[in-house]
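**Q** Provided herewith: coords.tsv, TSV, C-alpha atoms.
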```
chain	number	residue	atom	x	y	z
A	19	MET	CA	8.77	7.72	-11.14
A	20	THR	CA	5.91	9.82	-9.80
A	21	VAL	CA	7.42	9.99	-6.30
A	22	ASN	CA	11.10	9.96	-5.40
A	23	LEU	CA	13.00	9.59	-2.14
A	24	GLU	CA	16.15	11.69	-1.90
A	25	VAL	CA	18.32	11.53	1.23
A	26	ALA	CA	20.75	14.19	2.49
A	27	GLU	CA	21.93	15.15	5.99
A	28	GLY	CA	19.72	12.50	7.57
A	29	VAL	CA	16.63	13.96	5.87
A	30	GLY	CA	14.62	11.98	3.34
A	31	THR	CA	12.63	14.11	0.91
A	32	LEU	CA	9.55	12.44	-0.50
A	33	ARG	CA	9.27	14.44	-3.71
A	34	LEU	CA	6.08	14.28	-5.77
A	35	ASP	CA	6.95	14.47	-9.44
A	36	ARG	CA	3.91	14.17	-11.69
A	37	PRO	CA	3.66	17.42	-13.67
A	38	PRO	CA	1.89	19.66	-14.03
A	39	MET	CA	-0.24	19.38	-10.85
A	40	ASN	CA	1.04	16.27	-9.07
A	41	ALA	CA	-2.37	14.61	-9.41
A	42	LEU	CA	-2.43	11.61	-7.09
A	43	ASP	CA	-3.39	8.75	-9.36
A	44	VAL	CA	-3.31	5.09	-8.31
A	45	ALA	CA	0.31	4.62	-9.39
A	46	THR	CA	1.39	7.67	-7.38
A	47	GLN	CA	-0.52	6.48	-4.33
A	48	ASP	CA	1.14	3.07	-4.49
A	49	ARG	CA	4.58	4.59	-5.01
A	50	LEU	CA	4.02	6.93	-2.07
A	51	LYS	CA	3.24	3.97	0.18
A	52	GLU	CA	6.30	2.08	-1.04
A	53	LEU	CA	8.65	4.99	-0.35
A	54	ALA	CA	7.05	5.88	3.01
A	55	GLU	CA	7.73	2.32	4.12
A	56	GLU	CA	11.29	2.58	2.79
A	57	ALA	CA	11.82	5.82	4.74
A	58	THR	CA	10.52	4.03	7.83
A	59	ARG	CA	13.05	1.21	7.44
A	60	ARG	CA	16.14	3.19	6.50
A	61	ASP	CA	18.48	4.12	9.34
A	62	ASP	CA	20.00	6.96	7.30
A	63	VAL	CA	16.58	8.63	7.16
A	64	ARG	CA	16.00	10.28	10.53
A	65	ALA	CA	13.39	12.85	9.45
A	66	VAL	CA	11.25	13.36	6.35
A	67	VAL	CA	10.10	16.27	4.16
A	68	ILE	CA	7.10	15.88	1.82
A	69	TYR	CA	7.43	18.26	-1.12
A	70	GLY	CA	5.69	18.77	-4.43
A	71	GLY	CA	8.05	21.29	-5.98
A	72	GLU	CA	8.20	25.07	-6.27
A	73	LYS	CA	4.81	25.59	-7.94
A	74	VAL	CA	2.37	23.04	-6.51
A	75	PHE	CA	2.19	20.55	-3.66
A	76	ALA	CA	-0.58	18.32	-5.04
A	77	ALA	CA	-3.83	19.49	-6.59
A	78	GLY	CA	-5.72	16.34	-5.60
A	79	ALA	CA	-6.70	12.99	-7.05
A	80	ASP	CA	-6.65	12.19	-10.74
A	81	ILE	CA	-10.30	13.01	-11.48
A	82	LYS	CA	-10.30	11.47	-14.95
A	83	GLU	CA	-9.03	8.21	-13.50
A	84	MET	CA	-11.63	8.31	-10.72
A	85	GLN	CA	-14.46	9.14	-13.14
A	86	ALA	CA	-13.87	5.84	-14.90
A	87	MET	CA	-14.28	3.88	-11.65
A	88	ASP	CA	-17.64	2.52	-10.60
A	89	HIS	CA	-18.87	1.59	-7.14
A	90	ALA	CA	-17.34	-1.88	-7.19
A	91	ALA	CA	-13.99	-0.55	-8.39
A	92	MET	CA	-13.81	2.04	-5.62
A	93	ILE	CA	-14.79	-0.49	-2.96
A	94	ALA	CA	-11.77	-2.48	-4.11
A	95	ARG	CA	-9.52	0.59	-4.16
A	96	ALA	CA	-10.59	2.70	-1.17
A	97	ARG	CA	-8.60	0.78	1.45
A	98	ALA	CA	-5.42	0.94	-0.64
A	99	LEU	CA	-5.96	4.68	-1.06
A	100	GLN	CA	-6.18	5.19	2.69
A	101	ASP	CA	-3.30	2.80	3.35
A	102	SER	CA	-0.97	4.83	1.14
A	103	PHE	CA	-1.60	7.96	3.20
A	104	THR	CA	-1.54	6.07	6.50
A	105	ALA	CA	1.92	4.78	5.58
A	106	VAL	CA	3.08	8.40	5.55
A	107	ALA	CA	1.29	9.25	8.80
A	108	ARG	CA	2.90	6.27	10.50
A	109	ILE	CA	6.49	7.03	9.56
A	110	PRO	CA	7.97	6.83	13.09
A	111	LYS	CA	10.16	9.88	12.53
A	112	PRO	CA	9.49	13.62	12.35
A	113	VAL	CA	7.70	14.51	9.11
A	114	VAL	CA	7.15	18.02	7.73
A	115	ALA	CA	5.08	18.98	4.70
A	116	ALA	CA	6.54	21.76	2.53
A	117	VAL	CA	3.43	23.21	0.88
A	118	THR	CA	3.60	25.48	-2.16
A	119	GLY	CA	0.69	26.37	-4.40
A	120	TYR	CA	-2.31	24.08	-4.37
A	121	ALA	CA	-2.80	21.41	-1.72
A	122	LEU	CA	-6.34	20.33	-2.47
A	123	GLY	CA	-8.30	17.14	-1.86
A	124	GLY	CA	-5.78	14.33	-1.64
A	125	GLY	CA	-3.01	16.94	-1.59
A	126	CYS	CA	-4.43	18.50	1.56
A	127	GLU	CA	-4.96	15.03	3.04
A	128	LEU	CA	-1.31	14.22	2.36
A	129	ALA	CA	-0.19	17.39	4.14
A	130	LEU	CA	-2.38	16.36	7.08
A	131	CYS	CA	-0.28	13.19	7.44
A	132	ALA	CA	2.75	15.27	8.44
A	133	ASP	CA	3.64	16.31	11.98
A	134	PHE	CA	4.24	19.92	10.93
A	135	ARG	CA	3.24	21.98	7.91
A	136	ILE	CA	5.21	24.89	6.45
A	137	ALA	CA	3.28	26.74	3.74
A	138	GLY	CA	4.33	29.30	1.18
A	139	GLU	CA	2.49	32.59	0.93
A	140	ASN	CA	1.11	31.29	-2.37
A	141	ALA	CA	-0.42	28.16	-0.83
A	142	LYS	CA	-4.10	27.31	-1.14
A	143	LEU	CA	-5.53	24.39	0.81
A	144	GLY	CA	-8.91	22.75	0.87
A	145	GLN	CA	-11.10	19.67	0.66
A	146	PRO	CA	-13.23	20.28	-2.44
A	147	GLU	CA	-14.59	16.73	-2.76
A	148	ILE	CA	-18.13	17.86	-1.89
A	149	LEU	CA	-18.18	19.79	-5.19
A	150	LEU	CA	-17.86	16.43	-6.94
A	151	GLY	CA	-20.65	14.88	-4.92
A	152	LEU	CA	-18.10	13.10	-2.71
A	153	ILE	CA	-16.40	13.38	0.66
A	154	PRO	CA	-12.68	13.14	1.43
A	155	GLY	CA	-11.60	9.50	1.21
A	156	ALA	CA	-7.93	9.51	2.15
A	157	GLY	CA	-8.32	10.50	5.79
A	158	GLY	CA	-9.57	14.06	5.45
A	159	THR	CA	-12.71	13.68	7.56
A	160	GLN	CA	-10.63	12.18	10.38
A	161	ARG	CA	-7.26	13.95	10.34
A	162	LEU	CA	-8.62	17.40	9.54
A	163	SER	CA	-11.15	17.32	12.38
A	164	ARG	CA	-8.48	16.16	14.82
A	165	LEU	CA	-6.18	18.96	13.72
A	166	VAL	CA	-8.49	21.98	13.53
A	167	GLY	CA	-11.57	20.79	15.44
A	168	PRO	CA	-14.85	19.41	14.12
A	169	SER	CA	-16.67	22.68	13.35
A	170	ARG	CA	-13.80	24.15	11.32
A	171	ALA	CA	-13.30	20.84	9.55
A	172	LYS	CA	-17.00	20.69	8.68
A	173	ASP	CA	-16.88	24.22	7.30
A	174	LEU	CA	-14.07	23.26	4.92
A	175	ILE	CA	-15.54	19.87	4.01
A	176	PHE	CA	-19.17	20.98	3.67
A	177	THR	CA	-18.37	24.02	1.49
A	178	GLY	CA	-15.36	22.68	-0.41
A	179	ARG	CA	-13.86	26.16	-0.25
A	180	GLN	CA	-10.15	26.85	-0.61
A	181	VAL	CA	-8.28	28.81	2.03
A	182	LYS	CA	-5.20	30.91	1.45
A	183	ALA	CA	-2.08	30.54	3.57
A	184	ASP	CA	-2.94	33.26	6.09
A	185	GLU	CA	-6.36	31.78	6.86
A	186	ALA	CA	-4.88	28.28	6.97
A	187	LEU	CA	-2.47	29.55	9.62
A	188	THR	CA	-5.31	31.09	11.64
A	189	LEU	CA	-7.29	27.85	11.43
A	190	GLY	CA	-4.29	25.78	12.54
A	191	LEU	CA	-4.25	23.94	9.22
A	192	VAL	CA	-0.62	25.00	8.72
A	193	ASP	CA	1.97	25.88	11.34
A	194	ARG	CA	4.15	28.45	9.58
A	195	VAL	CA	3.83	30.69	6.53
A	196	VAL	CA	6.95	31.81	4.70
A	197	PRO	CA	7.81	33.31	1.31
A	198	ALA	CA	7.13	30.73	-1.40
A	199	GLY	CA	10.78	30.51	-2.39
A	200	GLU	CA	11.82	29.59	1.14
A	201	VAL	CA	9.37	26.76	1.79
A	202	TYR	CA	11.61	23.81	1.03
A	203	ALA	CA	14.71	25.30	2.65
A	204	GLN	CA	12.85	26.00	5.88
A	205	ALA	CA	11.18	22.59	5.87
A	206	HIS	CA	14.52	20.88	5.29
A	207	ALA	CA	16.13	22.93	8.08
A	208	TRP	CA	13.35	21.93	10.49
A	209	ALA	CA	13.78	18.27	9.57
A	210	ALA	CA	17.60	18.43	9.63
A	211	ARG	CA	17.56	19.84	13.16
A	212	LEU	CA	15.40	16.97	14.38
A	213	ALA	CA	17.46	14.44	12.41
A	214	LYS	CA	20.28	15.20	14.85
A	215	GLY	CA	18.07	14.40	17.84
A	216	PRO	CA	17.55	11.16	19.78
A	217	ALA	CA	15.79	8.93	17.26
A	218	ILE	CA	14.14	6.54	19.71
A	219	ALA	CA	12.86	9.32	21.96
A	220	LEU	CA	11.45	11.17	18.95
A	221	ARG	CA	9.71	8.00	17.84
A	222	ALA	CA	8.34	7.56	21.35
A	223	ALA	CA	7.07	11.12	21.50
A	224	LYS	CA	5.32	10.82	18.14
A	225	GLU	CA	3.68	7.51	18.98
A	226	ALA	CA	2.55	8.73	22.40
A	227	VAL	CA	0.94	11.88	20.99
A	228	ASP	CA	-0.68	10.14	18.02
A	229	THR	CA	-1.97	7.21	20.04
A	230	GLY	CA	-3.32	9.54	22.69
A	231	LEU	CA	-5.34	11.42	20.08
A	232	GLU	CA	-6.94	8.18	18.92
A	233	THR	CA	-7.88	6.70	22.27
A	234	ASP	CA	-8.92	7.52	25.85
A	235	ILE	CA	-6.57	9.34	28.21
A	236	GLU	CA	-5.87	6.30	30.37
A	237	THR	CA	-4.63	4.33	27.39
A	238	GLY	CA	-2.64	7.32	26.22
A	239	LEU	CA	-1.04	7.69	29.63
A	240	ALA	CA	-0.13	3.99	29.61
A	241	VAL	CA	1.62	4.40	26.25
A	242	GLU	CA	3.47	7.43	27.55
A	243	ARG	CA	4.45	5.66	30.77
A	244	ASN	CA	5.77	2.59	28.98
A	245	TRP	CA	7.81	4.61	26.50
A	246	PHE	CA	9.12	6.92	29.24
A	247	ALA	CA	10.40	4.03	31.33
A	248	GLY	CA	11.68	2.15	28.28
A	249	LEU	CA	13.84	5.07	27.19
A	250	PHE	CA	15.92	4.59	30.32
A	251	ALA	CA	17.38	1.54	28.55
A	252	THR	CA	18.71	3.59	25.63
A	253	GLU	CA	22.18	4.95	24.97
A	254	ASP	CA	20.67	8.27	23.94
A	255	ARG	CA	19.11	8.72	27.37
A	256	GLU	CA	22.44	7.97	29.02
A	257	ARG	CA	24.26	10.37	26.71
A	258	GLY	CA	21.67	13.11	27.14
A	259	MET	CA	21.65	12.99	30.93
A	260	ARG	CA	25.43	12.75	31.19
A	261	SER	CA	25.82	15.77	28.94
A	262	PHE	CA	23.28	17.71	30.98
A	263	VAL	CA	25.12	17.02	34.23
A	264	GLU	CA	28.60	17.66	32.83
A	265	GLU	CA	28.01	20.43	30.28
A	266	GLY	CA	24.59	21.91	30.96
A	267	PRO	CA	21.31	21.68	29.00
A	268	GLY	CA	21.03	21.42	25.26
A	269	LYS	CA	24.57	20.34	24.43
A	270	ALA	CA	24.12	16.58	23.97
A	271	LYS	CA	25.01	15.12	20.58
A	272	PHE	CA	23.10	12.03	19.52
A	273	GLY	CA	24.20	9.40	17.02
```
Hey, can you dump this file as structure tokens for me?

**A**
Amino acid sequence: MTVNLEVAEGVGTLRLDRPPMNALDVATQDRLKELAEEATRRDDVRAVVIYGGEKVFAAGADIKEMQAMDHAAMIARARALQDSFTAVARIPKPVVAAVTGYALGGGCELALCADFRIAGENAKLGQPEILLGLIPGAGGTQRLSRLVGPSRAKDLIFTGRQVKADEALTLGLVDRVVPAGEVYAQAHAWAARLAKGPAIALRAAKEAVDTGLETDIETGLAVERNWFAGLFATEDRERGMRSFVEEGPGKAKFG
């Protein structure tokens, strides 16, 4: 399989496994969507890590496969391409990308689908599609601009240049830079910590933030308000408040 889902300590690792560069061909895209939906459904998966291995995250699409596609073929495929990445972005649980080596084109777009990005010092990220006479097609024009702002996104998309980990951190493209050998361990630790948190509240927080970014503030506030009130019906809210009153802050344990 080109993508695997491994679960431990409440954390599901979506592991890309298509050596040598984890090129995201059609089969990998479809498998990614399938496993993202599985991670969404499974109660034993409470947080997710996306990982490509020690040497490379994903160097982009399978260019040879794309070269053979004409206009009609890509019209038929483009929605499925986006849907596979959107399935990752819509996992209603905390998701962290563990980025080592190259995360280019579709690889960068996949990292953008995560809530948090931890990069190794050896990471290089970018959207080089313009160098092929194309633009990003798996969400890059939309998610990148929302993350780093339109002018920075346009710089990366217009030039197709690659940025090293330190510049990616300055741009806000990644959130933490660590030694390459520590990327997965730190990503798993981040996810494992959140896997112990209140699952429904975490889902609510993610949906409120993401929806708010995609709509006007009044709609965003309505989503927040409805989730906030709805959480008062959950056992986690009862447990969290009782623990706060009886033991002090930060000591609640959630199922």

**Q** Considering all atoms listed in the file, return as a ChimeraX atom specification whatever protein or nucleic-acid residues lie within 8 Å of A:Asn140, sequence-local ones (same chain, fewer than 3 positions apart) excluded.

**A** /A:118-119,137,182-183,197-198

**Q** Could you jot down the atom CA of A:Thr46 to atom CA of A:Arg60 separation for me, Å, one decimal place?

**A**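 Pair atom CA of A:Thr46 / atom CA of A:Arg60 returns 20.7 Å.
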
**Q** Check the smallest atom-to-atom distance from each of A:Ala57, A:Leu191, A:Ala96, A:Ile136 to A:Arg170 using only C-alpha atoms, then report the winner.

**A** A:Leu191

**Q** Edge lengths and centre, in Å to one decimal, as JSON: that's what I need for the box along x, y and z that holds all listed atoms of stretch 252-256 of chain A plus 5 Å on each side.

**A**
```
{"center_x": 20.6, "center_y": 6.2, "center_z": 26.5, "size_x": 13.7, "size_y": 15.1, "size_z": 15.1}
```

**Q** Excluding A:Ala54 and any residue of its chain fewer than 5 positions from it, enumerate the residues within 9 Å of it, using all atoms listed in the file, and give them as a ChimeraX atom specification.

**A** /A:23,32,49,59,102-103,105-109

**Q** Neighbours of A:Lys224 within 10 Å (all atoms listed in the file; same-chain residues fewer than 3 positions away dropped), as a list in words?

**A**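 What passes the distance filter is Arg108, Ile109, Pro110, Lys111, Pro112, Asp133, Ile218, Ala219, Leu220, Arg221, Val227, Asp228, Thr229 and Gly230 of chain A.
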
**Q** Using C-alpha atoms, can you write the selected residues to a file as a short mmCIF file (atom, residue, chain, number, x, y, z; two decimals), in the frame of the given file?

**A**
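The result, stored in again-v2.cif:
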```cif
data_model
loop_
_atom_site.label_atom_id
_atom_site.label_comp_id
_atom_site.auth_asym_id
_atom_site.auth_seq_id
_atom_site.Cartn_x
_atom_site.Cartn_y
_atom_site.Cartn_z
CA ARG A 108 2.90 6.27 10.50
CA ILE A 109 6.49 7.03 9.56
CA PRO A 110 7.97 6.83 13.09
CA LYS A 111 10.16 9.88 12.53
CA PRO A 112 9.49 13.62 12.35
CA ASP A 133 3.64 16.31 11.98
CA ILE A 218 14.14 6.54 19.71
CA ALA A 219 12.86 9.32 21.96
CA LEU A 220 11.45 11.17 18.95
CA ARG A 221 9.71 8.00 17.84
CA VAL A 227 0.94 11.88 20.99
CA ASP A 228 -0.68 10.14 18.02
CA THR A 229 -1.97 7.21 20.04
CA GLY A 230 -3.32 9.54 22.69
#
```

**Q** Of the candidates A:Leu122, A:Ile81, A:Leu165, A:Ala205, which one gets nearest to A:Ile68 if we count all atoms listed in the file?

**A**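 Distance minimum relative to A:Ile68 lands on A:Ala205.
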
**Q** Go through A:Leu128, A:Met259, A:Ala207, A:Ala45 and flag the residue nearest A:Ala98, using all atoms listed in the file for the distances.

**A** A:Ala45

**Q** If you measure from atom CA of A:Val166 to atom CA of A:Thr188, what distance in Å do you get, rounded to one decimal?

**A**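 Distance reported for this atom pair: 9.8 Å.
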
**Q** What's the separation between atom CA of A:Lys269 and atom CA of A:Lys214, in Å to one decimal place?

**A** 11.7 Å

**Q** Let me make sure I understand: among A:Ala91, A:Ala76, A:Met19, A:Leu231, which one has the smallest atom-to-atom distance to A:Lys142 if we use all atoms listed in the file?

**A**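 Closest to A:Lys142 of all the choices is A:Ala76.
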
**Q** With distances taken over all atoms listed in the file, which residue among A:Glu147, A:Asp88, A:Glu232, A:Glu200 lies nearest A:Arg179?

**A**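 Nearest to A:Arg179: A:Glu147.
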
**Q** Please return stretch 179-190 of chain A, rebuilt to all heavy atoms, as a PDB file, in the frame of the given file.

**A**
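Saved file selection.pdb follows:
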```pdb
ATOM      1  N   ARG A 179     -14.573  24.921   0.085  1.00  0.00           N
ATOM      2  CA  ARG A 179     -13.860  26.160  -0.250  1.00  0.00           C
ATOM      3  C   ARG A 179     -12.344  26.014  -0.038  1.00  0.00           C
ATOM      4  O   ARG A 179     -11.887  25.205   0.769  1.00  0.00           O
ATOM      5  CB  ARG A 179     -14.395  27.330   0.572  1.00  0.00           C
ATOM      6  CG  ARG A 179     -14.098  27.274   2.074  1.00  0.00           C
ATOM      7  CD  ARG A 179     -14.806  28.400   2.799  1.00  0.00           C
ATOM      8  NE  ARG A 179     -14.478  28.429   4.224  1.00  0.00           N
ATOM      9  CZ  ARG A 179     -13.455  29.124   4.733  1.00  0.00           C
ATOM     10  NH1 ARG A 179     -12.671  29.838   3.939  1.00  0.00           N
ATOM     11  NH2 ARG A 179     -13.216  29.109   6.034  1.00  0.00           N
ATOM     12  N   GLN A 180     -11.602  26.807  -0.758  1.00  0.00           N
ATOM     13  CA  GLN A 180     -10.150  26.850  -0.610  1.00  0.00           C
ATOM     14  C   GLN A 180      -9.780  27.983   0.341  1.00  0.00           C
ATOM     15  O   GLN A 180     -10.420  29.039   0.341  1.00  0.00           O
ATOM     16  CB  GLN A 180      -9.485  27.101  -1.969  1.00  0.00           C
ATOM     17  CG  GLN A 180      -9.764  26.017  -2.993  1.00  0.00           C
ATOM     18  CD  GLN A 180      -9.194  26.348  -4.358  1.00  0.00           C
ATOM     19  OE1 GLN A 180      -8.300  27.183  -4.498  1.00  0.00           O
ATOM     20  NE2 GLN A 180      -9.709  25.695  -5.388  1.00  0.00           N
ATOM     21  N   VAL A 181      -8.751  27.761   1.131  1.00  0.00           N
ATOM     22  CA  VAL A 181      -8.280  28.810   2.030  1.00  0.00           C
ATOM     23  C   VAL A 181      -6.844  29.163   1.672  1.00  0.00           C
ATOM     24  O   VAL A 181      -6.029  28.297   1.360  1.00  0.00           O
ATOM     25  CB  VAL A 181      -8.374  28.381   3.514  1.00  0.00           C
ATOM     26  CG1 VAL A 181      -9.816  28.143   3.904  1.00  0.00           C
ATOM     27  CG2 VAL A 181      -7.554  27.133   3.801  1.00  0.00           C
ATOM     28  N   LYS A 182      -6.553  30.446   1.699  1.00  0.00           N
ATOM     29  CA  LYS A 182      -5.200  30.910   1.450  1.00  0.00           C
ATOM     30  C   LYS A 182      -4.335  30.674   2.693  1.00  0.00           C
ATOM     31  O   LYS A 182      -4.835  30.348   3.769  1.00  0.00           O
ATOM     32  CB  LYS A 182      -5.211  32.388   1.073  1.00  0.00           C
ATOM     33  CG  LYS A 182      -5.920  32.662  -0.249  1.00  0.00           C
ATOM     34  CD  LYS A 182      -5.885  34.141  -0.596  1.00  0.00           C
ATOM     35  CE  LYS A 182      -6.593  34.418  -1.908  1.00  0.00           C
ATOM     36  NZ  LYS A 182      -6.579  35.864  -2.252  1.00  0.00           N
ATOM     37  N   ALA A 183      -3.038  30.890   2.519  1.00  0.00           N
ATOM     38  CA  ALA A 183      -2.080  30.540   3.570  1.00  0.00           C
ATOM     39  C   ALA A 183      -2.372  31.253   4.885  1.00  0.00           C
ATOM     40  O   ALA A 183      -2.278  30.641   5.960  1.00  0.00           O
ATOM     41  CB  ALA A 183      -0.666  30.845   3.096  1.00  0.00           C
ATOM     42  N   ASP A 184      -2.735  32.533   4.830  1.00  0.00           N
ATOM     43  CA  ASP A 184      -2.940  33.260   6.090  1.00  0.00           C
ATOM     44  C   ASP A 184      -4.129  32.722   6.860  1.00  0.00           C
ATOM     45  O   ASP A 184      -4.071  32.584   8.091  1.00  0.00           O
ATOM     46  CB  ASP A 184      -3.093  34.765   5.824  1.00  0.00           C
ATOM     47  CG  ASP A 184      -4.197  35.097   4.822  1.00  0.00           C
ATOM     48  OD1 ASP A 184      -4.733  34.173   4.175  1.00  0.00           O
ATOM     49  OD2 ASP A 184      -4.533  36.295   4.697  1.00  0.00           O
ATOM     50  N   GLU A 185      -5.215  32.374   6.156  1.00  0.00           N
ATOM     51  CA  GLU A 185      -6.360  31.780   6.860  1.00  0.00           C
ATOM     52  C   GLU A 185      -6.033  30.384   7.346  1.00  0.00           C
ATOM     53  O   GLU A 185      -6.446  29.987   8.440  1.00  0.00           O
ATOM     54  CB  GLU A 185      -7.595  31.741   5.969  1.00  0.00           C
ATOM     55  CG  GLU A 185      -8.817  31.222   6.718  1.00  0.00           C
ATOM     56  CD  GLU A 185     -10.087  31.179   5.882  1.00  0.00           C
ATOM     57  OE1 GLU A 185     -10.059  31.567   4.706  1.00  0.00           O
ATOM     58  OE2 GLU A 185     -11.134  30.731   6.433  1.00  0.00           O
ATOM     59  N   ALA A 186      -5.283  29.629   6.542  1.00  0.00           N
ATOM     60  CA  ALA A 186      -4.880  28.280   6.970  1.00  0.00           C
ATOM     61  C   ALA A 186      -4.072  28.351   8.253  1.00  0.00           C
ATOM     62  O   ALA A 186      -4.219  27.493   9.139  1.00  0.00           O
ATOM     63  CB  ALA A 186      -4.060  27.610   5.866  1.00  0.00           C
ATOM     64  N   LEU A 187      -3.247  29.371   8.390  1.00  0.00           N
ATOM     65  CA  LEU A 187      -2.470  29.550   9.620  1.00  0.00           C
ATOM     66  C   LEU A 187      -3.394  29.866  10.796  1.00  0.00           C
ATOM     67  O   LEU A 187      -3.241  29.307  11.893  1.00  0.00           O
ATOM     68  CB  LEU A 187      -1.447  30.668   9.420  1.00  0.00           C
ATOM     69  CG  LEU A 187      -0.507  30.950  10.593  1.00  0.00           C
ATOM     70  CD1 LEU A 187       0.385  29.746  10.877  1.00  0.00           C
ATOM     71  CD2 LEU A 187       0.351  32.184  10.300  1.00  0.00           C
ATOM     72  N   THR A 188      -4.357  30.737  10.573  1.00  0.00           N
ATOM     73  CA  THR A 188      -5.310  31.090  11.640  1.00  0.00           C
ATOM     74  C   THR A 188      -6.123  29.875  12.071  1.00  0.00           C
ATOM     75  O   THR A 188      -6.387  29.682  13.264  1.00  0.00           O
ATOM     76  CB  THR A 188      -6.260  32.199  11.144  1.00  0.00           C
ATOM     77  OG1 THR A 188      -5.495  33.362  10.812  1.00  0.00           O
ATOM     78  CG2 THR A 188      -7.280  32.560  12.214  1.00  0.00           C
ATOM     79  N   LEU A 189      -6.506  29.044  11.116  1.00  0.00           N
ATOM     80  CA  LEU A 189      -7.290  27.850  11.430  1.00  0.00           C
ATOM     81  C   LEU A 189      -6.470  26.773  12.135  1.00  0.00           C
ATOM     82  O   LEU A 189      -7.039  25.872  12.752  1.00  0.00           O
ATOM     83  CB  LEU A 189      -7.873  27.258  10.139  1.00  0.00           C
ATOM     84  CG  LEU A 189      -8.960  28.065   9.424  1.00  0.00           C
ATOM     85  CD1 LEU A 189      -9.275  27.427   8.071  1.00  0.00           C
ATOM     86  CD2 LEU A 189     -10.215  28.157  10.272  1.00  0.00           C
ATOM     87  N   GLY A 190      -5.140  26.842  12.019  1.00  0.00           N
ATOM     88  CA  GLY A 190      -4.290  25.780  12.540  1.00  0.00           C
ATOM     89  C   GLY A 190      -4.057  24.677  11.529  1.00  0.00           C
ATOM     90  O   GLY A 190      -3.524  23.622  11.859  1.00  0.00           O
TER      91      GLY A 190
END
```
